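**Student:** What follows is a single structure, and I will ask about it in a moment.
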Amino acid sequence: MGSDMASAAEVEHGSPPPGPAANRQPGSDGGRDIAASFLAKKASGQRIAISPEDSARVLRRIDAVILPIMLTVYFLQALDKATLAYASVFGLLDDTGLVGDQYSWLGSIVYLAQLVMQPPLAWLLVRLPIAKFTSAMVLFWGVSLACMAASHNFGGLLATRFFLGVFEASVAPSFVAITQMWWRRREQTVRTSYWYAMNGITNMFGSLITYGLGHISSKLHSYQIIFIFFGVITVAFSFVMLAFMPDSPIEAKFLSDKDKLIAVERLRMNQMGVISREWRNDHLKETLLDPKSWFWFSLLFSISIPSGGISTFGPLIVKTFGFDQFQTILFNIPFGFVQLVATVGGAFIAQKIKMKGPVIAALCLPPIAGCVMLMVLPREASDSAALLVGYYLISVYPGITPLIYSWASQNTAGDTKRKCTNAVLFIGQSIGNVVGPLLYTQAEAPRYSRGLRSNLALYIAIIVLIGVTTLYLKMLNANHAKRRVAMGKSAVIIDTSLDSPEEVATAAAQRSRENDAGNVRNAEEGDVSVSSTEDVERPGNRAFENLTDLENEEFVFVF
């Protein structure tokens with residue numbers, strides 16, 4: 001590898017065709033991404049030729065180091081949030097004297113805290129080293145969880161749950177940003193599903209662990225043991241994350257200088273940049289005025305209301321089917337398995353068809369059926385099996401959220417705008433999660449009709465929103481094509497950011513054959529040789545100028 005231009009077989013990283021794009025000087029906003037400075041220093045600002053083998057090797061290194069840390073932290077976060085639901089079936093409500101909708105508020109307060117934290121988090125995630133900052137947040141939320149064991153009433157539980165939400169608020173936005181800075185757009189969808197699928201792993205193994213902890217004989221209540229056990233583990237792992245998680249590919253100790261160049265160059269076709277650590281008010285303004293931001297907000301708000309309600313009241317709903325506390329915990333294991341399959345399976349399908357909208361719509365159908373079943377089936381012992389099937393159909397819904405994360409992040413560029421869009425996204429999620437548990441009250445047991453009816457309506461609303469969002473993204477692509485033509489560039493862009501290496505190689509070979517055939521035909525006709533790919537543009541010249549998706553006319557929006 002060197003700073004020479006890529007060959008035709010490496011079309012994704014190839015040099016731009018001659019024309020205005022190749023000669024354009026970066027504007028005053030360019031070069032602020034640290035990736036641009038790194039490439040200028042190590043490769044004279046040139047594109048790097050990367051073989052498929054080198055790209056695959058560096059990807060394996062990134063997956064081996066970064067992904068396990070993210071998976072563990074998200075598993076602990078999901079587990080720590082779920083401890084309230086587990087504790088509820090081990091006497092928490094009676095021992096702490098919770099009445100009315102107080103238990104619902106314990107579920108909602110975490111997300112209310114996360115809502116309050118999102119605006120300052122957008123600034124902090126731009127300005128601070130992201131891995132070190134996230135490690136500190138993991139440490140503090142572990143401490144908050146352990147302190148819940150000392151809470152003996154509603155006030156104490158509410159306070160500790162609030163701080164738990166404050167410190168957990170950074171994890172999902174941080175992980176979306178980390179995924180953007182380490183993986184190509186094609187790879188991001190599945191990697192996001194991996195760490196988000198830890199919610200399903202939590203429902204499976206968290207249920208088993210809790211089942212075991214619930215059988216411990218101690219002066220402490222079972223739910224206190226649960227809080228202390230998971231809190232201590234979280235605190236311990238925060239130091240592991242601090243030691244091994246780098247703040248960016250450029251600062252990764254596990255990569256050589258050569259591999260850092262490859263890691264950065266692999267991201268060029270994303271057109272999203274890496275990281276700048278410079279706050280841009282114009283990016284914030286664009287985020288707030290961009291209709292896309294509010295489409296993502298609406299989608300995540302709509303799925304988070306069912307998510308917040310089921311995650312808090314799920315075990316209590318199962319308990320109304322006629323099971324005891326230990327059976328309730330065990331019957332939550334299949335819920336986690338279905339959740340895991342839906343999350344990862346949906347991501348692989350979206351990667352295969354290179355579209356997320358249709359997959360999200362399809363994932364809404366099983367929860368719609370499940371809600372209807374729970375609404376109409378009687379709560380008789382003979383109907384327990386059918387009620388469980390309905391509950392497990394609802395458990396497909398978690399596959400929707402990571403696809404919305406990926407869809408939003410892959411259609412947003414510019415460091416500050418990416419972080420601000422994440423803030424808008426997670427504000428929507430937090431509001432939904434606050435509202436969700438409040439739609440379920442113990443007074444409505446065993447049917448919980450209001451919560452199930454609202455969830456049913458929202459799954460239908462998501463399908464409508466997907467259609468509107470897709471149409472808007474198509475309009476943006478058409479507008480970018482017009483801008484390129486006005487600038488003397490081609491309306492057609494070769495975007496390989498969602499293609500597999502095999503697809504990239506096949507397309508490059510096909511273009512090469514078309515060029516050869518065209519040249520032969522021109523020679524036979526006595527014409528000047530003209531490449532058949534002259535009328536297409538290979539983007540990437542402005543990938544590291546810290547431009548937003550709306551500023552960069554080469555940015556391609558994905559569906």
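Note on naming: chains are A, B, ... as they come in the structure tokens, residues start from 1 per chain, ligands start from 1 in the order shown.
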Which polymer residues have any atom within 10 Å of an atom of Ile225 (chain A), counting only C-alpha atoms, with same-chain residues fewer than 6 positions away left out, as a ChimeraX atom specification?
**Tutor:** /A:87,146,149,210,213-214,216,218-219,231
**Student:** Those residues you just picked out, can you put them in a file as a PDB file, in the first residue's frame with all heavy atoms?
**Tutor:**
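Once written, part-v8.pdb looks like this:
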```
ATOM      1  N   ALA A  87     -36.933  -6.889  39.463  1.00  0.00           N
ATOM      2  CA  ALA A  87     -37.170  -6.677  40.892  1.00  0.00           C
ATOM      3  C   ALA A  87     -38.658  -6.621  41.215  1.00  0.00           C
ATOM      4  O   ALA A  87     -39.079  -6.976  42.321  1.00  0.00           O
ATOM      5  CB  ALA A  87     -36.486  -5.384  41.344  1.00  0.00           C
ATOM      6  N   ALA A 146     -26.051   0.307  42.009  1.00  0.00           N
ATOM      7  CA  ALA A 146     -25.754  -0.335  43.291  1.00  0.00           C
ATOM      8  C   ALA A 146     -26.432   0.402  44.447  1.00  0.00           C
ATOM      9  O   ALA A 146     -26.884  -0.214  45.416  1.00  0.00           O
ATOM     10  CB  ALA A 146     -24.242  -0.396  43.502  1.00  0.00           C
ATOM     11  N   ALA A 149     -30.013  -0.406  45.959  1.00  0.00           N
ATOM     12  CA  ALA A 149     -30.223  -1.396  47.019  1.00  0.00           C
ATOM     13  C   ALA A 149     -30.481  -0.735  48.370  1.00  0.00           C
ATOM     14  O   ALA A 149     -31.089  -1.337  49.260  1.00  0.00           O
ATOM     15  CB  ALA A 149     -29.014  -2.321  47.109  1.00  0.00           C
ATOM     16  N   THR A 210     -31.078 -13.595  37.033  1.00  0.00           N
ATOM     17  CA  THR A 210     -32.004 -13.115  38.056  1.00  0.00           C
ATOM     18  C   THR A 210     -32.716 -14.276  38.746  1.00  0.00           C
ATOM     19  O   THR A 210     -32.950 -14.247  39.963  1.00  0.00           O
ATOM     20  CB  THR A 210     -33.041 -12.171  37.427  1.00  0.00           C
ATOM     21  OG1 THR A 210     -32.357 -11.124  36.737  1.00  0.00           O
ATOM     22  CG2 THR A 210     -33.939 -11.567  38.481  1.00  0.00           C
ATOM     23  N   LEU A 213     -30.212 -15.468  41.257  1.00  0.00           N
ATOM     24  CA  LEU A 213     -30.047 -14.528  42.367  1.00  0.00           C
ATOM     25  C   LEU A 213     -31.269 -14.526  43.277  1.00  0.00           C
ATOM     26  O   LEU A 213     -31.156 -14.337  44.492  1.00  0.00           O
ATOM     27  CB  LEU A 213     -29.809 -13.109  41.815  1.00  0.00           C
ATOM     28  CG  LEU A 213     -28.492 -12.878  41.052  1.00  0.00           C
ATOM     29  CD1 LEU A 213     -28.474 -11.477  40.448  1.00  0.00           C
ATOM     30  CD2 LEU A 213     -27.290 -13.088  41.970  1.00  0.00           C
ATOM     31  N   GLY A 214     -32.444 -14.760  42.693  1.00  0.00           N
ATOM     32  CA  GLY A 214     -33.674 -14.759  43.478  1.00  0.00           C
ATOM     33  C   GLY A 214     -33.757 -15.907  44.468  1.00  0.00           C
ATOM     34  O   GLY A 214     -34.553 -15.854  45.415  1.00  0.00           O
ATOM     35  N   ILE A 216     -31.109 -16.935  46.289  1.00  0.00           N
ATOM     36  CA  ILE A 216     -30.081 -16.775  47.321  1.00  0.00           C
ATOM     37  C   ILE A 216     -30.746 -16.443  48.661  1.00  0.00           C
ATOM     38  O   ILE A 216     -31.580 -15.533  48.748  1.00  0.00           O
ATOM     39  CB  ILE A 216     -29.074 -15.670  46.934  1.00  0.00           C
ATOM     40  CG1 ILE A 216     -28.281 -16.078  45.691  1.00  0.00           C
ATOM     41  CG2 ILE A 216     -28.136 -15.364  48.098  1.00  0.00           C
ATOM     42  CD1 ILE A 216     -27.339 -14.996  45.193  1.00  0.00           C
ATOM     43  N   SER A 218     -30.526 -14.750  52.081  1.00  0.00           N
ATOM     44  CA  SER A 218     -29.732 -13.662  52.629  1.00  0.00           C
ATOM     45  C   SER A 218     -30.626 -12.748  53.451  1.00  0.00           C
ATOM     46  O   SER A 218     -31.859 -12.764  53.328  1.00  0.00           O
ATOM     47  CB  SER A 218     -29.064 -12.870  51.496  1.00  0.00           C
ATOM     48  OG  SER A 218     -28.474 -11.685  51.977  1.00  0.00           O
ATOM     49  N   LYS A 219     -29.990 -11.951  54.325  1.00  0.00           N
ATOM     50  CA  LYS A 219     -30.728 -10.936  55.055  1.00  0.00           C
ATOM     51  C   LYS A 219     -31.244  -9.849  54.114  1.00  0.00           C
ATOM     52  O   LYS A 219     -32.185  -9.130  54.432  1.00  0.00           O
ATOM     53  CB  LYS A 219     -29.841 -10.309  56.133  1.00  0.00           C
ATOM     54  CG  LYS A 219     -29.469 -11.271  57.253  1.00  0.00           C
ATOM     55  CD  LYS A 219     -28.608 -10.580  58.301  1.00  0.00           C
ATOM     56  CE  LYS A 219     -28.241 -11.542  59.441  1.00  0.00           C
ATOM     57  NZ  LYS A 219     -27.395 -10.891  60.461  1.00  0.00           N
ATOM     58  N   GLY A 231     -24.722  -3.758  39.599  1.00  0.00           N
ATOM     59  CA  GLY A 231     -24.026  -2.487  39.755  1.00  0.00           C
ATOM     60  C   GLY A 231     -22.531  -2.658  39.869  1.00  0.00           C
ATOM     61  O   GLY A 231     -21.745  -1.933  39.233  1.00  0.00           O
TER      62      GLY A 231
END
```
**Student:** Set the distance at 6 Å and use only C-alpha atoms: which residues neighbour region 449-466 of chain A once local chain neighbours fewer than 2 positions away are removed? I'd like the list as a PDB file with all heavy atoms, in the first residue's frame.
**Tutor:**
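Dumped to around.pdb:
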```pdb
ATOM      1  N   SER A 302     -42.376   7.070  17.952  1.00  0.00           N
ATOM      2  CA  SER A 302     -43.489   6.145  17.746  1.00  0.00           C
ATOM      3  C   SER A 302     -43.169   4.730  18.193  1.00  0.00           C
ATOM      4  O   SER A 302     -44.042   4.018  18.698  1.00  0.00           O
ATOM      5  CB  SER A 302     -43.903   6.148  16.271  1.00  0.00           C
ATOM      6  OG  SER A 302     -44.357   7.422  15.864  1.00  0.00           O
ATOM      7  N   PRO A 306     -44.285   2.015  22.628  1.00  0.00           N
ATOM      8  CA  PRO A 306     -44.460   0.584  22.917  1.00  0.00           C
ATOM      9  C   PRO A 306     -43.267  -0.027  23.641  1.00  0.00           C
ATOM     10  O   PRO A 306     -43.427  -0.850  24.548  1.00  0.00           O
ATOM     11  CB  PRO A 306     -44.630  -0.041  21.526  1.00  0.00           C
ATOM     12  CG  PRO A 306     -45.070   1.081  20.650  1.00  0.00           C
ATOM     13  CD  PRO A 306     -44.420   2.306  21.200  1.00  0.00           C
ATOM     14  N   GLY A 357     -36.250   0.965   5.045  1.00  0.00           N
ATOM     15  CA  GLY A 357     -37.669   1.282   5.172  1.00  0.00           C
ATOM     16  C   GLY A 357     -38.585   0.073   5.045  1.00  0.00           C
ATOM     17  O   GLY A 357     -39.426  -0.167   5.925  1.00  0.00           O
ATOM     18  N   ALA A 361     -41.043  -1.626   8.048  1.00  0.00           N
ATOM     19  CA  ALA A 361     -42.485  -1.808   7.871  1.00  0.00           C
ATOM     20  C   ALA A 361     -42.880  -3.260   8.109  1.00  0.00           C
ATOM     21  O   ALA A 361     -43.891  -3.546   8.775  1.00  0.00           O
ATOM     22  CB  ALA A 361     -42.899  -1.361   6.466  1.00  0.00           C
ATOM     23  N   CYS A 364     -43.133  -4.324  11.699  1.00  0.00           N
ATOM     24  CA  CYS A 364     -44.300  -3.809  12.440  1.00  0.00           C
ATOM     25  C   CYS A 364     -45.463  -4.802  12.435  1.00  0.00           C
ATOM     26  O   CYS A 364     -46.346  -4.725  13.297  1.00  0.00           O
ATOM     27  CB  CYS A 364     -44.774  -2.485  11.834  1.00  0.00           C
ATOM     28  SG  CYS A 364     -43.695  -1.078  12.173  1.00  0.00           S
ATOM     29  N   ILE A 368     -48.284  -5.917  15.548  1.00  0.00           N
ATOM     30  CA  ILE A 368     -49.688  -5.571  15.343  1.00  0.00           C
ATOM     31  C   ILE A 368     -50.568  -6.778  15.664  1.00  0.00           C
ATOM     32  O   ILE A 368     -51.570  -6.680  16.381  1.00  0.00           O
ATOM     33  CB  ILE A 368     -49.923  -5.082  13.896  1.00  0.00           C
ATOM     34  CG1 ILE A 368     -49.316  -3.692  13.706  1.00  0.00           C
ATOM     35  CG2 ILE A 368     -51.409  -5.063  13.556  1.00  0.00           C
ATOM     36  CD1 ILE A 368     -49.355  -3.181  12.269  1.00  0.00           C
ATOM     37  N   CYS A 371     -50.523  -7.473  19.522  1.00  0.00           N
ATOM     38  CA  CYS A 371     -51.377  -6.556  20.287  1.00  0.00           C
ATOM     39  C   CYS A 371     -52.842  -6.962  20.181  1.00  0.00           C
ATOM     40  O   CYS A 371     -53.578  -6.954  21.174  1.00  0.00           O
ATOM     41  CB  CYS A 371     -51.191  -5.123  19.782  1.00  0.00           C
ATOM     42  SG  CYS A 371     -49.652  -4.340  20.280  1.00  0.00           S
ATOM     43  N   LEU A 439     -48.835   4.676  30.053  1.00  0.00           N
ATOM     44  CA  LEU A 439     -50.046   4.169  29.406  1.00  0.00           C
ATOM     45  C   LEU A 439     -50.486   2.838  29.999  1.00  0.00           C
ATOM     46  O   LEU A 439     -51.584   2.357  29.712  1.00  0.00           O
ATOM     47  CB  LEU A 439     -49.817   4.022  27.893  1.00  0.00           C
ATOM     48  CG  LEU A 439     -49.580   5.327  27.129  1.00  0.00           C
ATOM     49  CD1 LEU A 439     -49.236   5.038  25.677  1.00  0.00           C
ATOM     50  CD2 LEU A 439     -50.802   6.230  27.213  1.00  0.00           C
ATOM     51  N   TYR A 440     -49.595   2.239  30.801  1.00  0.00           N
ATOM     52  CA  TYR A 440     -49.933   0.997  31.507  1.00  0.00           C
ATOM     53  C   TYR A 440     -50.009   1.312  32.998  1.00  0.00           C
ATOM     54  O   TYR A 440     -49.094   1.924  33.545  1.00  0.00           O
ATOM     55  CB  TYR A 440     -48.846  -0.070  31.288  1.00  0.00           C
ATOM     56  CG  TYR A 440     -48.745  -0.590  29.883  1.00  0.00           C
ATOM     57  CD1 TYR A 440     -48.026   0.111  28.913  1.00  0.00           C
ATOM     58  CD2 TYR A 440     -49.335  -1.785  29.511  1.00  0.00           C
ATOM     59  CE1 TYR A 440     -47.915  -0.366  27.617  1.00  0.00           C
ATOM     60  CE2 TYR A 440     -49.230  -2.277  28.221  1.00  0.00           C
ATOM     61  CZ  TYR A 440     -48.517  -1.562  27.277  1.00  0.00           C
ATOM     62  OH  TYR A 440     -48.414  -2.045  25.999  1.00  0.00           O
ATOM     63  N   ARG A 447     -55.724  -6.704  31.681  1.00  0.00           N
ATOM     64  CA  ARG A 447     -55.816  -6.503  30.234  1.00  0.00           C
ATOM     65  C   ARG A 447     -54.917  -5.375  29.721  1.00  0.00           C
ATOM     66  O   ARG A 447     -54.484  -5.413  28.570  1.00  0.00           O
ATOM     67  CB  ARG A 447     -57.253  -6.227  29.819  1.00  0.00           C
ATOM     68  CG  ARG A 447     -58.135  -7.475  29.916  1.00  0.00           C
ATOM     69  CD  ARG A 447     -59.371  -7.345  29.052  1.00  0.00           C
ATOM     70  NE  ARG A 447     -60.029  -8.638  28.884  1.00  0.00           N
ATOM     71  CZ  ARG A 447     -59.724  -9.519  27.955  1.00  0.00           C
ATOM     72  NH1 ARG A 447     -58.739  -9.251  27.110  1.00  0.00           N
ATOM     73  NH2 ARG A 447     -60.354 -10.665  27.871  1.00  0.00           N
ATOM     74  N   VAL A 468     -43.487   8.312   3.873  1.00  0.00           N
ATOM     75  CA  VAL A 468     -43.230   9.749   3.736  1.00  0.00           C
ATOM     76  C   VAL A 468     -41.726  10.028   3.746  1.00  0.00           C
ATOM     77  O   VAL A 468     -41.209  10.813   2.930  1.00  0.00           O
ATOM     78  CB  VAL A 468     -43.935  10.526   4.866  1.00  0.00           C
ATOM     79  CG1 VAL A 468     -43.577  12.010   4.808  1.00  0.00           C
ATOM     80  CG2 VAL A 468     -45.444  10.343   4.778  1.00  0.00           C
ATOM     81  N   THR A 469     -40.996   9.391   4.661  1.00  0.00           N
ATOM     82  CA  THR A 469     -39.550   9.604   4.767  1.00  0.00           C
ATOM     83  C   THR A 469     -38.830   9.166   3.504  1.00  0.00           C
ATOM     84  O   THR A 469     -37.929   9.865   3.002  1.00  0.00           O
ATOM     85  CB  THR A 469     -38.989   8.843   5.985  1.00  0.00           C
ATOM     86  OG1 THR A 469     -39.675   9.250   7.164  1.00  0.00           O
ATOM     87  CG2 THR A 469     -37.502   9.107   6.155  1.00  0.00           C
TER      88      THR A 469
END
```
**Student:** Excluding same-chain residues fewer than 5 positions from Ile431 (chain A), what lies within 12 Å of it counting only C-alpha atoms, as a list in words?
**Tutor:** Ser108, Ile109, Val110, Tyr111, Leu112, Ala113, Gln114, Leu115, Val116, Gln118, Phe297, Ser298, Leu300, Phe301, Ser302, Ile303, Ser304, Ile305, Pro306, Ser307, Gly308, Val424, Leu425, Phe426, Gly436, Pro437 and Leu438 of chain A
**Student:** Where does region 237-315 of chain A meet region 173-193 of chain A within 8 Å, residue by residue, with the nearest atom pair and distance in Å to one decimal for each, counting only C-alpha atoms, listed by chain and rising number, as CSV?
**Tutor:**
```
residue,atom,partner,partner_atom,distance
A:Ser248,CA,A:Met181,CA,7.0
A:Pro249,CA,A:Trp182,CA,6.7
A:Ala263,CA,A:Trp182,CA,7.3
A:Arg266,CA,A:Arg184,CA,6.7
A:Leu267,CA,A:Arg184,CA,5.5
A:Met269,CA,A:Arg184,CA,7.7
A:Asn270,CA,A:Arg185,CA,5.8
A:Met272,CA,A:Gln180,CA,7.9
A:Gly273,CA,A:Met181,CA,7.5
A:Val274,CA,A:Met181,CA,4.9
A:Ile275,CA,A:Met181,CA,7.2
```
**Student:** Which residues are near region 347-349 of chain A? Cut-off 10 Å, only C-alpha atoms, ignore same chain within fewer than 3 positions. Put them as a ChimeraX atom specification.
**Tutor:** /A:187-194,341-344,352-356,358-360,399-400,402-403,406
**Student:** When DSSP works through the backbone of this structure, what residues of region 145-183 of chain A end up as alpha helix (DSSP H), shown as JSON, numbers by chain?
**Tutor:** {"A": [145, 146, 147, 154, 155, 156, 157, 158, 159, 160, 161, 162, 163, 164, 165, 166, 167, 168, 171, 172, 173, 174, 175, 176, 177, 178, 179, 180, 181, 182]}
**Student:** Out of A:Val558, A:Ile34, A:Glu553, A:Glu278, which residue has the shortest atom-to-atom distance to Ala486 (chain A) when counting only C-alpha atoms?
**Tutor:**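 Nearest to Ala486 (chain A): A:Glu553.
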